[in-house]
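Listing of entry32.cif, mmCIF, C-alpha atoms and all ligand atoms
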```cif
data_query
loop_
_atom_site.label_atom_id
_atom_site.label_comp_id
_atom_site.auth_asym_id
_atom_site.auth_seq_id
_atom_site.Cartn_x
_atom_site.Cartn_y
_atom_site.Cartn_z
CA MET A 1045 195.99 68.27 11.88
CA MET A 1046 192.80 66.35 12.70
CA LYS A 1047 191.38 64.46 9.70
CA ILE A 1048 187.59 64.67 9.41
CA PHE A 1049 185.79 62.43 6.90
CA ALA A 1050 182.18 63.39 6.21
CA ASP A 1051 179.33 62.18 4.02
CA GLU A 1052 179.06 64.47 0.99
CA ASN A 1053 175.34 64.98 1.73
CA MET A 1054 175.91 66.73 5.04
CA PRO A 1055 175.00 70.40 4.69
CA LEU A 1056 177.24 73.03 6.31
CA VAL A 1057 179.88 70.45 7.15
CA GLN A 1058 182.71 72.69 5.91
CA ALA A 1059 181.28 75.72 7.70
CA PHE A 1060 181.26 73.86 11.00
CA PHE A 1061 184.13 71.40 10.82
CA ALA A 1062 186.83 73.18 8.77
CA LYS A 1063 187.68 74.96 12.03
CA LEU A 1064 188.51 71.63 13.68
CA GLY A 1065 190.63 70.05 10.96
CA GLU A 1066 190.90 68.99 7.33
CA VAL A 1067 187.52 67.91 5.92
CA THR A 1068 187.33 65.16 3.25
CA LEU A 1069 183.96 64.30 1.71
CA PHE A 1070 182.96 60.77 0.67
CA ASN A 1071 179.98 58.98 -0.88
CA GLY A 1072 178.13 57.53 2.10
CA ARG A 1073 176.44 54.74 0.17
CA THR A 1074 179.58 53.33 -1.48
CA ALA A 1075 182.27 54.07 1.15
CA ARG A 1076 184.59 51.13 1.96
CA ALA A 1077 187.23 50.57 4.65
CA ASN A 1078 190.11 52.06 2.62
CA ASP A 1079 188.19 55.26 1.87
CA ILE A 1080 188.04 56.25 5.53
CA ALA A 1081 191.20 54.56 6.90
CA GLU A 1082 192.83 57.91 7.76
CA ALA A 1083 189.89 59.47 9.60
CA ASP A 1084 190.18 60.75 13.18
CA ILE A 1085 186.56 61.82 13.05
CA LEU A 1086 183.94 60.06 10.90
CA LEU A 1087 180.63 61.79 10.15
CA VAL A 1088 177.94 59.72 8.45
CA ARG A 1089 174.27 59.75 7.51
CA SER A 1090 171.85 56.82 7.53
CA VAL A 1091 173.16 55.17 4.34
CA THR A 1092 176.55 54.12 5.74
CA GLN A 1093 176.80 50.86 7.68
CA VAL A 1094 179.34 51.61 10.42
CA ASN A 1095 180.67 48.27 11.60
CA GLU A 1096 183.82 46.19 11.86
CA ALA A 1097 184.03 45.75 8.07
CA LEU A 1098 184.11 49.53 7.54
CA LEU A 1099 186.42 50.40 10.42
CA ALA A 1100 188.88 47.49 10.41
CA ALA A 1101 191.54 49.40 8.43
CA ASN A 1102 191.34 52.50 10.64
CA LYS A 1103 193.49 52.40 13.79
CA LYS A 1104 193.17 56.06 14.82
CA LEU A 1105 189.43 56.80 14.81
CA GLN A 1106 188.33 58.78 17.90
CA PHE A 1107 184.77 59.73 17.12
CA VAL A 1108 181.86 58.57 14.96
CA GLY A 1109 178.85 60.84 14.55
CA THR A 1110 175.66 60.25 12.61
CA ALA A 1111 173.73 63.40 11.64
CA THR A 1112 170.48 61.43 11.94
CA ILE A 1113 167.99 60.35 14.55
CA GLY A 1114 167.99 56.68 13.51
CA MET A 1115 170.97 54.58 14.60
CA ASP A 1116 170.14 51.17 13.14
CA HIS A 1117 173.12 51.54 10.73
CA ILE A 1118 175.64 51.83 13.56
CA ASP A 1119 177.21 48.88 15.39
CA ARG A 1120 177.45 50.62 18.75
CA THR A 1121 178.72 47.50 20.52
CA TYR A 1122 181.72 47.41 18.18
CA LEU A 1123 182.42 51.14 18.70
CA ALA A 1124 182.27 50.73 22.48
CA ALA A 1125 184.62 47.72 22.34
CA ARG A 1126 187.13 49.88 20.44
CA ASN A 1127 186.59 52.81 22.76
CA ILE A 1128 185.47 55.07 19.92
CA ALA A 1129 183.16 57.86 21.09
CA PHE A 1130 179.79 58.04 19.35
CA SER A 1131 176.94 60.48 18.98
CA SER A 1132 173.73 60.64 16.98
CA ALA A 1133 171.60 63.77 16.56
CA PRO A 1134 168.45 63.05 18.59
CA GLY A 1135 165.44 65.06 17.50
CA CYS A 1136 167.35 66.97 14.79
CA ASN A 1137 164.72 66.47 12.10
CA ALA A 1138 161.70 65.55 14.26
CA GLN A 1139 159.74 68.67 13.23
CA SER A 1140 160.46 67.98 9.57
CA VAL A 1141 158.91 64.50 9.89
CA VAL A 1142 155.89 65.94 11.69
CA GLU A 1143 155.37 68.42 8.85
CA TYR A 1144 155.63 65.56 6.34
CA VAL A 1145 152.95 63.59 8.20
CA LEU A 1146 150.66 66.64 8.54
CA SER A 1147 150.98 67.38 4.83
CA SER A 1148 150.20 63.71 4.06
CA LEU A 1149 147.12 63.79 6.29
CA TRP A 1150 145.82 66.94 4.60
CA CYS A 1151 146.44 65.38 1.22
CA LEU A 1152 144.59 62.15 2.13
CA ALA A 1153 141.75 64.15 3.68
CA GLU A 1154 141.30 66.07 0.43
CA ARG A 1155 141.53 62.96 -1.75
CA TYR A 1156 139.04 60.91 0.27
CA GLN A 1157 136.96 63.85 1.52
CA TRP A 1158 137.61 63.03 5.18
CA GLN A 1159 136.97 65.29 8.13
CA LEU A 1160 140.19 64.68 10.05
CA ARG A 1161 138.47 65.53 13.34
CA ASP A 1162 136.38 62.37 12.83
CA LYS A 1163 139.44 60.16 12.37
CA THR A 1164 141.48 58.60 15.16
CA VAL A 1165 145.21 58.61 14.47
CA GLY A 1166 147.23 55.82 16.11
CA ILE A 1167 150.81 56.91 16.76
CA VAL A 1168 153.19 53.98 17.19
CA GLY A 1169 156.40 55.12 18.91
CA VAL A 1170 155.93 58.26 20.99
CA GLY A 1171 159.43 59.69 21.28
CA ASN A 1172 160.70 62.94 19.80
CA ILE A 1173 158.63 62.66 16.64
CA GLY A 1174 155.55 60.84 17.96
CA ARG A 1175 155.23 63.25 20.87
CA ARG A 1176 155.42 66.33 18.62
CA LEU A 1177 152.97 64.77 16.19
CA ALA A 1178 150.51 64.04 19.01
CA ASN A 1179 150.78 67.68 20.11
CA ALA A 1180 150.19 68.97 16.62
CA LEU A 1181 147.18 66.70 16.06
CA THR A 1182 145.72 67.69 19.41
CA ALA A 1183 146.06 71.34 18.38
CA LEU A 1184 144.05 70.46 15.26
CA HIS A 1185 141.43 68.64 17.40
CA ILE A 1186 142.25 65.29 15.80
CA PRO A 1187 141.89 62.39 18.28
CA VAL A 1188 145.00 60.27 18.89
CA LEU A 1189 145.85 56.87 20.37
CA LEU A 1190 149.41 56.44 21.62
CA CYS A 1191 151.36 53.19 21.58
CA ASP A 1192 154.77 53.04 23.23
CA PRO A 1193 155.26 50.01 25.50
CA ILE A 1194 158.70 51.23 26.58
CA ARG A 1195 157.39 54.58 27.78
CA ALA A 1196 154.39 52.82 29.34
CA LYS A 1197 156.76 50.70 31.44
CA HIS A 1198 158.52 53.77 32.86
CA GLU A 1199 155.81 56.43 33.02
CA ALA A 1200 152.82 55.70 35.22
CA ASP A 1201 150.70 58.44 33.61
CA PHE A 1202 151.45 57.57 29.98
CA ALA A 1203 148.16 56.80 28.15
CA HIS A 1204 149.29 53.65 26.33
CA THR A 1205 147.17 51.63 23.90
CA ASP A 1206 148.72 48.31 23.02
CA PHE A 1207 149.58 47.67 19.40
CA GLU A 1208 146.95 44.95 18.88
CA GLN A 1209 144.19 47.23 20.15
CA LEU A 1210 145.49 50.22 18.21
CA CYS A 1211 145.44 48.16 15.00
CA GLN A 1212 141.76 47.42 15.56
CA GLN A 1213 140.70 50.93 16.64
CA ALA A 1214 142.69 53.43 14.58
CA ASP A 1215 141.47 54.99 11.33
CA ILE A 1216 145.01 56.07 10.49
CA ILE A 1217 148.27 54.55 11.82
CA SER A 1218 151.54 56.47 11.72
CA PHE A 1219 154.80 54.67 12.62
CA HIS A 1220 157.55 56.48 14.54
CA THR A 1221 159.61 53.74 16.19
CA PRO A 1222 163.28 53.01 15.64
CA LEU A 1223 164.13 49.85 13.69
CA THR A 1224 165.24 47.27 16.26
CA LYS A 1225 165.99 43.63 15.64
CA THR A 1226 166.25 42.20 19.15
CA GLY A 1227 164.52 42.53 22.51
CA LEU A 1228 160.98 42.17 23.72
CA GLU A 1229 159.82 45.31 21.92
CA GLN A 1230 161.72 44.78 18.67
CA THR A 1231 160.11 46.53 15.73
CA THR A 1232 161.22 44.55 12.67
CA HIS A 1233 158.03 43.69 10.77
CA LEU A 1234 155.93 45.12 13.58
CA LEU A 1235 153.23 45.47 10.93
CA ASN A 1236 153.11 42.05 9.29
CA ALA A 1237 150.51 39.88 7.56
CA THR A 1238 148.84 38.95 10.88
CA GLN A 1239 148.51 42.55 12.06
CA LEU A 1240 147.50 43.83 8.62
CA ALA A 1241 144.55 41.43 8.70
CA LYS A 1242 143.34 43.08 11.93
CA LEU A 1243 143.27 46.66 10.60
CA LYS A 1244 140.01 48.31 9.62
CA PRO A 1245 139.51 47.77 5.85
CA ASP A 1246 139.92 51.51 5.21
CA CYS A 1247 142.62 52.19 7.81
CA ALA A 1248 145.30 54.47 6.34
CA ILE A 1249 148.94 53.53 6.94
CA ILE A 1250 151.79 56.04 7.14
CA ASN A 1251 155.41 54.96 7.51
CA ALA A 1252 158.13 57.60 7.92
CA SER A 1253 160.20 55.60 10.41
CA ARG A 1254 162.27 52.78 8.85
CA GLY A 1255 161.21 50.53 5.98
CA GLY A 1256 161.74 47.32 7.94
CA VAL A 1257 159.09 48.25 10.51
CA ILE A 1258 156.54 47.06 7.91
CA ASP A 1259 156.86 43.73 6.09
CA ASN A 1260 156.75 45.23 2.58
CA ALA A 1261 155.92 41.96 0.80
CA ALA A 1262 153.02 41.36 3.20
CA LEU A 1263 151.91 44.97 2.71
CA LEU A 1264 151.88 44.55 -1.07
CA ALA A 1265 149.86 41.33 -0.77
CA ALA A 1266 147.39 43.07 1.57
CA GLN A 1267 147.05 46.07 -0.78
CA GLN A 1268 146.35 43.74 -3.70
CA GLN A 1269 143.52 42.17 -1.65
CA CYS A 1270 142.07 45.34 -0.13
CA ARG A 1271 143.58 48.68 -1.04
CA ARG A 1272 144.04 51.04 1.89
CA PRO A 1273 145.25 54.66 1.82
CA LEU A 1274 149.03 54.36 2.05
CA VAL A 1275 151.91 56.80 2.56
CA LEU A 1276 155.45 55.43 2.37
CA ASP A 1277 158.56 57.53 2.88
CA VAL A 1278 160.69 54.57 3.94
CA TRP A 1279 161.03 51.18 2.32
CA GLU A 1280 162.57 47.83 3.05
CA HIS A 1281 165.99 47.31 1.44
CA GLU A 1282 166.51 50.92 0.27
CA PRO A 1283 167.62 51.79 -2.35
CA GLU A 1284 166.45 48.49 -3.90
CA ILE A 1285 162.81 48.93 -3.00
CA LEU A 1286 159.82 46.73 -3.83
CA ARG A 1287 158.74 48.68 -6.92
CA PRO A 1288 155.27 47.12 -7.39
CA LEU A 1289 154.29 48.69 -4.06
CA ILE A 1290 154.56 52.21 -5.52
CA ALA A 1291 151.34 51.83 -7.51
CA TYR A 1292 149.49 51.06 -4.26
CA CYS A 1293 150.74 54.20 -2.50
CA ASP A 1294 148.80 57.45 -2.30
CA ILE A 1295 152.06 59.18 -1.50
CA ALA A 1296 155.46 57.66 -2.20
CA THR A 1297 158.72 59.43 -1.38
CA ALA A 1298 162.43 58.57 -1.15
CA HIS A 1299 163.16 58.70 2.59
CA ILE A 1300 163.06 62.49 2.69
CA ALA A 1301 160.58 63.15 5.51
CA GLY A 1302 163.41 64.53 7.64
CA HIS A 1303 165.13 66.44 4.86
CA SER A 1304 164.08 70.02 5.65
CA ILE A 1305 166.99 72.47 5.48
CA GLU A 1306 166.72 72.96 9.24
CA GLY A 1307 166.49 69.23 9.98
CA LYS A 1308 169.63 68.29 8.06
CA ALA A 1309 171.64 71.32 9.19
CA ARG A 1310 170.66 70.76 12.83
CA GLY A 1311 172.12 67.25 12.53
CA THR A 1312 175.50 68.65 11.41
CA ALA A 1313 175.41 71.34 14.12
CA MET A 1314 174.69 68.80 16.87
CA LEU A 1315 177.69 66.67 15.86
CA TYR A 1316 179.89 69.76 15.76
CA GLN A 1317 178.79 70.68 19.30
CA ARG A 1318 179.57 67.14 20.48
CA CYS A 1319 183.05 67.22 18.88
CA CYS A 1320 183.82 70.59 20.46
CA GLU A 1321 182.81 69.12 23.83
CA LEU A 1322 185.02 66.05 23.34
CA LEU A 1323 187.99 68.09 22.13
CA GLN A 1324 187.34 70.75 24.79
CA ILE A 1325 187.31 73.53 22.18
CA PRO A 1326 184.86 76.47 22.41
CA GLU A 1327 182.21 76.53 19.68
CA SER A 1328 182.90 79.17 17.05
CA ALA A 1329 180.18 78.38 14.48
CA HIS A 1330 176.47 78.73 15.18
CA LEU A 1331 173.54 77.32 13.23
CA SER A 1332 171.38 80.46 13.50
CA GLU A 1333 174.09 82.42 11.67
CA LEU A 1334 174.54 79.84 8.94
CA LEU A 1335 170.98 79.00 7.88
CA PRO A 1336 169.94 80.73 4.62
CA VAL A 1337 167.37 83.51 4.89
CA PRO A 1338 163.95 82.07 3.92
CA ALA A 1339 162.26 83.34 0.76
CA VAL A 1340 159.26 84.54 2.80
CA GLU A 1341 160.19 85.65 6.30
CA LYS A 1342 157.01 87.13 7.73
CA LEU A 1343 153.30 86.78 7.19
CA GLN A 1344 150.75 89.14 8.69
CA ILE A 1345 147.71 87.31 10.06
CA SER A 1346 144.48 88.92 11.19
CA ALA A 1347 142.20 88.24 14.15
CA ASN A 1348 140.16 86.01 11.81
CA PHE A 1349 143.01 83.54 11.35
CA GLY A 1350 141.75 80.14 12.51
CA LEU A 1351 142.51 76.42 12.29
CA PRO A 1352 141.21 76.02 8.71
CA ASP A 1353 143.74 78.64 7.55
CA VAL A 1354 146.71 76.73 8.94
CA GLN A 1355 146.62 74.22 6.14
CA ASN A 1356 146.95 76.95 3.49
CA VAL A 1357 149.91 78.54 5.21
CA ALA A 1358 151.53 75.15 5.79
CA ARG A 1359 151.09 74.23 2.13
CA MET A 1360 152.89 77.38 1.11
CA LEU A 1361 155.93 76.05 2.96
CA TYR A 1362 155.62 72.35 2.16
CA ASP A 1363 153.29 70.18 0.13
CA VAL A 1364 154.23 66.48 0.09
CA ARG A 1365 152.61 66.12 -3.35
CA ARG A 1366 155.68 67.85 -4.79
CA ASP A 1367 157.89 65.04 -3.49
CA ASP A 1368 155.45 62.33 -4.53
CA ALA A 1369 155.45 63.72 -8.10
CA LEU A 1370 159.25 63.85 -8.19
CA PHE A 1371 159.42 60.28 -6.92
CA ARG A 1372 157.01 58.83 -9.48
CA TYR A 1373 158.64 60.70 -12.34
CA HIS A 1374 162.28 59.91 -11.51
CA ILE A 1375 162.37 56.62 -9.61
CA GLU A 1376 162.82 54.49 -12.74
CA GLY A 1377 165.37 56.67 -14.54
CA LYS A 1378 167.39 58.54 -11.92
CA GLY A 1379 166.69 56.24 -8.98
CA PHE A 1380 166.21 56.39 -5.22
CA ASP A 1381 169.54 57.90 -4.18
CA TRP A 1382 169.43 60.61 -6.84
CA LEU A 1383 166.04 61.71 -5.47
CA ARG A 1384 167.56 62.06 -2.02
CA LYS A 1385 170.75 63.76 -3.17
CA SER A 1386 168.97 66.35 -5.31
CA TYR A 1387 166.20 67.04 -2.84
CA PRO A 1388 164.81 70.56 -3.41
CA ALA A 1389 164.91 73.12 -0.62
CA ARG A 1390 162.20 72.93 1.99
CA ARG A 1391 161.88 75.13 5.06
CA GLU A 1392 160.24 74.20 8.34
CA PHE A 1393 157.19 76.05 9.67
CA SER A 1394 159.48 77.83 12.14
CA ALA A 1395 161.21 79.67 9.27
CA LEU A 1396 158.05 81.72 8.77
CA GLN A 1397 157.19 84.28 11.38
CA LEU A 1398 153.45 84.77 11.74
CA VAL A 1399 152.77 88.30 12.87
CA GLY A 1400 149.49 89.58 14.29
CA GLN A 1401 147.75 91.40 17.14
CA ALA A 1402 146.85 88.08 18.74
CA THR A 1403 148.57 84.92 17.49
CA PRO A 1404 146.67 81.84 18.76
CA PRO A 1405 148.71 79.63 21.15
CA TRP A 1406 148.09 76.45 19.12
CA LEU A 1407 150.29 77.86 16.34
CA SER A 1408 153.39 77.08 18.37
CA GLN A 1409 152.03 73.57 19.08
CA LEU A 1410 152.18 73.08 15.31
CA GLY A 1411 155.75 74.36 15.13
CA PHE A 1412 155.13 77.92 13.86
CA ASN A 1413 157.17 80.81 15.09
N1 LIG B 1 161.87 59.23 7.35
C1 LIG B 1 162.77 60.02 7.87
O1 LIG B 1 163.33 60.85 7.18
C2 LIG B 1 163.10 59.92 9.34
C3 LIG B 1 163.61 61.06 9.98
C4 LIG B 1 163.89 60.97 11.34
C5 LIG B 1 163.72 59.77 12.02
N2 LIG B 1 163.26 58.69 11.37
C6 LIG B 1 163.03 57.41 12.09
O2 LIG B 1 162.06 57.65 13.10
C7 LIG B 1 162.45 56.98 14.29
C8 LIG B 1 161.84 57.66 15.50
O3 LIG B 1 162.43 58.92 15.70
P1 LIG B 1 162.31 59.67 17.12
O4 LIG B 1 163.12 60.88 17.04
O5 LIG B 1 160.89 59.83 17.52
O6 LIG B 1 163.02 58.61 18.04
P2 LIG B 1 162.91 58.47 19.61
O7 LIG B 1 163.99 57.54 20.00
O8 LIG B 1 162.85 59.80 20.25
O9 LIG B 1 161.49 57.76 19.82
C9 LIG B 1 161.20 56.47 19.43
C10 LIG B 1 160.12 55.93 20.35
O10 LIG B 1 159.73 54.64 19.88
C11 LIG B 1 159.45 53.84 21.02
N3 LIG B 1 159.44 52.42 20.69
C12 LIG B 1 160.49 51.57 20.62
N4 LIG B 1 160.04 50.31 20.32
C13 LIG B 1 158.69 50.40 20.20
C14 LIG B 1 157.66 49.47 19.89
N5 LIG B 1 157.92 48.17 19.67
N6 LIG B 1 156.39 49.91 19.83
C15 LIG B 1 156.09 51.22 20.06
N7 LIG B 1 157.03 52.13 20.39
C16 LIG B 1 158.31 51.74 20.44
C17 LIG B 1 160.53 54.25 22.02
O11 LIG B 1 160.17 53.91 23.34
C18 LIG B 1 160.61 55.75 21.79
O12 LIG B 1 159.79 56.48 22.67
C19 LIG B 1 163.99 57.00 14.24
O13 LIG B 1 164.55 55.96 14.98
C20 LIG B 1 164.28 56.88 12.77
O14 LIG B 1 164.47 55.54 12.44
C21 LIG B 1 162.94 58.75 10.04
O1 LIG B 2 167.03 58.91 11.03
C1 LIG B 2 166.99 60.01 10.49
O2 LIG B 2 167.34 61.07 11.08
C2 LIG B 2 166.44 60.15 9.10
O3 LIG B 2 165.99 58.93 8.63
C3 LIG B 2 167.36 60.85 8.18
O4 LIG B 2 166.68 61.96 7.65
C4 LIG B 2 167.81 59.97 7.09
O5 LIG B 2 168.33 60.71 6.07
P1 LIG B 2 169.82 60.49 5.57
O6 LIG B 2 170.70 60.66 6.71
O7 LIG B 2 169.95 59.11 5.05
O8 LIG B 2 170.01 61.50 4.52
#
```
Now, as a test, write the supplied structure out as structure tokens.
Amino acid sequence: MMKIFADENMPLVQAFFAKLGEVTLFNGRTARANDIAEADILLVRSVTQVNEALLAANKKLQFVGTATIGMDHIDRTYLAARNIAFSSAPGCNAQSVVEYVLSSLWCLAERYQWQLRDKTVGIVGVGNIGRRLANALTALHIPVLLCDPIRAKHEADFAHTDFEQLCQQADIISFHTPLTKTGLEQTTHLLNATQLAKLKPDCAIINASRGGVIDNAALLAAQQQCRRPLVLDVWEHEPEILRPLIAYCDIATAHIAGHSIEGKARGTAMLYQRCCELLQIPESAHLSELLPVPAVEKLQISANFGLPDVQNVARMLYDVRRDDALFRYHIEGKGFDWLRKSYPARREFSALQLVGQATPPWLSQLGFN
């Protein structure tokens, strides 16, 4: 019987994978080589470093899957050298991150009495998340600048603004790149002391990508000099984060931007689909049948429903201030990983069906059903 080892924080893993073999759960943060030595299939999340040190004792591993978008914790060169198949879950929680950023923007707008239509949002990294975010902001009539040098190289019609320029022009910058450590476009400390000095004095910074994309020590020094609106979901050296930075954040959370029920479950489902493909077994479990029924399924909207009403409906589903409050209250006592493990349920916009005579087309641009 196939032995499947999975991170204990992977929802629906039994429902999907018990059909393929025997499922053993492990703590992703503390797992060592001996804990997973018997695995044929290894399923991880972002907290497990998958490298030679972890896999040396395992001689039978066939497949590694990460139920995440980010892959900076996986040594893919080592997996390829050992001929171990690999898959991530591209886009699985992209909408969840977009909803986190939208909620953060609405929260900042309320706190500082901004009109978001008068603010230009610079999106750095325009892949699955950045692209969806740009669409959502456009639906809300919020101007955007896009920075993605890799897309710019391959797509003649991509409206690219280079990072230097974006730093000088944007009123809000939101980071959505992977964390990369090599190559011309590497992103480690993309926002560093030099770039921070070029930002507008009141430019808001949002990071829901990877902590290392911003030099956290330089960010703290900059905040101490000139405090800017700041939203941090991801931190350098998680879970040992730079605590003094918390006091300089408007919103601080424990790497949960992608943790909607749909986002996490989609990650598990995508790995299951990939395993079925590899093993040439027909799929017998389906995400749509396994997701819990949302507490509120339908909302009737009238012909008067307009853009200003979206924020109220969105807040009913998710308000980032809940997660900020949890973070500030529990970070000292319970800690970073506890906050992630005990994350309260949160549904994506798509879980709520908006019903009306005429539902405006921009609702789907925002992710509503
Ligand atoms: N906070 C969370 O919970 C959470 C959830 C999901 C993903 N993430 C992070 O967000 C990242 C982005 O996710 P995605 O689904 O959009 O990934 P993606 O791969 O679809 O898109 C990333 C984009 O970044 C671009 N890019 C790479 N280097 C760049 C650079 N130097 N400057 C500007 N752009 C650059 C790429 O060309 C690509 O288009 C993931 O890699 C992951 O690390 C975080
Ligand atoms: O890269 C991703 O998909 C996200 O960062 C993901 O939500 C991380 O969460 P984790 O897997 O660590 O629970």
>> Could you list, as number ranges by chain, every residue within 9 Å of Val1057 (chain A), counting all atoms listed in the file and ignoring same-chain residues fewer than 2 positions away?
In response: A: 1050-1055, 1059-1062, 1067, 1309, 1312-1313, 1316
Kindly work out which residues sit at most 6 Å from ligand LIG 2 (chain B), using all atoms listed in the file, and give the list as an mmCIF file with C-alpha atoms, in the coordinates of the input.
```
data_model
loop_
_atom_site.group_PDB
_atom_site.id
_atom_site.type_symbol
_atom_site.label_atom_id
_atom_site.label_comp_id
_atom_site.auth_asym_id
_atom_site.auth_seq_id
_atom_site.Cartn_x
_atom_site.Cartn_y
_atom_site.Cartn_z
ATOM 1 C CA ARG A 1089 174.270 59.750 7.510
ATOM 2 C CA SER A 1090 171.850 56.820 7.530
ATOM 3 C CA VAL A 1091 173.160 55.170 4.340
ATOM 4 C CA THR A 1112 170.480 61.430 11.940
ATOM 5 C CA ILE A 1113 167.990 60.350 14.550
ATOM 6 C CA GLY A 1114 167.990 56.680 13.510
ATOM 7 C CA GLY A 1302 163.410 64.530 7.640
ATOM 8 C CA HIS A 1303 165.130 66.440 4.860
#
```
> What separation in Å, quoted to one decimal, exists between CA of Leu1322 (chain A) and atom C17 of ligand LIG 1 (chain B)?
Replying inline: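 Computing the Euclidean distance for CA of Leu1322 (chain A) and atom C17 of ligand LIG 1 (chain B) yields 27.2 Å.
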Would you compute an axis-aligned box for ligand LIG 1 (chain B), covering every atom listed for it in the file with 8 Å of margin on each side, and report centre and edge lengths in Å to one decimal as AutoDock Vina command-line options?
```
--center_x 160.3 --center_y 54.6 --center_z 15.3 --size_x 24.5 --size_y 28.9 --size_z 32.2
```
>> Residues contacting ligand LIG 1 (chain B) - anything with an atom at most 6 Å away, using all atoms listed in the file - can you give me those as a ChimeraX atom specification?
In response: /A:1113-1114,1134-1135,1137-1138,1141,1168-1174,1191-1195,1220-1223,1229-1231,1252-1254,1277-1278,1299-1302
> Could you name the residues that touch region 1204-1208 of chain A at 10 Å or less, counting all atoms listed in the file, but leaving out those on the same chain fewer than 3 positions away, as a ChimeraX atom specification?
Replying inline: /A:1166-1168,1170,1189-1197,1199-1201,1211-1213,1234-1235,1239,1242-1243
>> Between A:Asp1381, A:Glu1341, A:Asp1119, A:Glu1376, which residue has the minimum interatomic distance to Asn1071 (chain A), considering only C-alpha atoms?
In response: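 Once distances to Asn1071 (chain A) are computed over only C-alpha atoms, the minimum belongs to A:Asp1381.
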Show me the residues close to (159.9, 42.2, -0.4) - anything with an atom within 7 Å, counting all atoms listed in the file - and format the list as a compact mmCIF listing (two decimals) with C-alpha atoms, in the frame of the given file.
```
# COMPACT_ATOMS: atom_id res chain seq x y z
CA ASN A 1260 156.75 45.23 2.58
CA ALA A 1261 155.92 41.96 0.80
CA LEU A 1286 159.82 46.73 -3.83
```
> Out of A:Pro1187, A:Met1046, A:Val1399, A:Ser1140, which residue has the shortest atom-to-atom distance to Leu1105 (chain A) when counting all atoms listed in the file?
Replying inline: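 Going through A:Pro1187, A:Met1046, A:Val1399, A:Ser1140 one by one, the smallest distance to Leu1105 (chain A) is for A:Met1046.
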Residues within 9 Å of (183.8, 56.2, 21.3), file coordinates, counting only C-alpha atoms: what are they? Give the list as a PDB file with C-alpha atoms, keeping the file's coordinate frame.
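Final output, saved to selection-v5.pdb:
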```
ATOM      1  CA  LEU A1105     189.430  56.800  14.810  1.00  0.00           C
ATOM      2  CA  GLN A1106     188.330  58.780  17.900  1.00  0.00           C
ATOM      3  CA  PHE A1107     184.770  59.730  17.120  1.00  0.00           C
ATOM      4  CA  VAL A1108     181.860  58.570  14.960  1.00  0.00           C
ATOM      5  CA  ARG A1120     177.450  50.620  18.750  1.00  0.00           C
ATOM      6  CA  LEU A1123     182.420  51.140  18.700  1.00  0.00           C
ATOM      7  CA  ALA A1124     182.270  50.730  22.480  1.00  0.00           C
ATOM      8  CA  ALA A1125     184.620  47.720  22.340  1.00  0.00           C
ATOM      9  CA  ARG A1126     187.130  49.880  20.440  1.00  0.00           C
ATOM     10  CA  ASN A1127     186.590  52.810  22.760  1.00  0.00           C
ATOM     11  CA  ILE A1128     185.470  55.070  19.920  1.00  0.00           C
ATOM     12  CA  ALA A1129     183.160  57.860  21.090  1.00  0.00           C
ATOM     13  CA  PHE A1130     179.790  58.040  19.350  1.00  0.00           C
ATOM     14  CA  SER A1131     176.940  60.480  18.980  1.00  0.00           C
TER      15      SER A1131
END
```
>> Residues within 12 Å of Val1188 (chain A), please, as JSON, numbers by chain. Count all atoms listed in the file; anything in the same chain fewer than 6 positions from it doesn't count.
In response: {"A": [1160, 1161, 1162, 1163, 1164, 1165, 1166, 1167, 1168, 1170, 1174, 1175, 1177, 1178, 1179, 1180, 1181, 1182, 1203, 1204, 1205, 1210, 1213, 1214, 1215, 1216, 1217, 1218]}
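Every protein or nucleic acid residue with an atom no more than 9 Å from Ala1237 (chain A), counting only C-alpha atoms and leaving out same-chain residues fewer than 6 positions away, appears here: Asp1259, Ala1261, Ala1262, Leu1263, Ala1265 and Ala1266 of chain A.
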>> Nearest residue to Ile1295 (chain A) out of A:Ala1358, A:Val1275, A:Val1088, A:Ala1402, using only C-alpha atoms?
In response: A:Val1275
> Looking at all atoms listed in the file, which of A:Leu1410, A:Thr1297, A:Ser1394, A:Trp1150 is the one that sits closest to Asn1356 (chain A)?
Replying inline: A:Trp1150
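For the pair CA of Lys1104 (chain A) and CA of Phe1049 (chain A), the interatomic distance is 12.6 Å.
Distance check against Arg1318 (chain A) using all atoms listed in the file: of A:Ser1132, A:Ser1148, A:Gln1344, A:Thr1074, the minimum falls on A:Ser1132.
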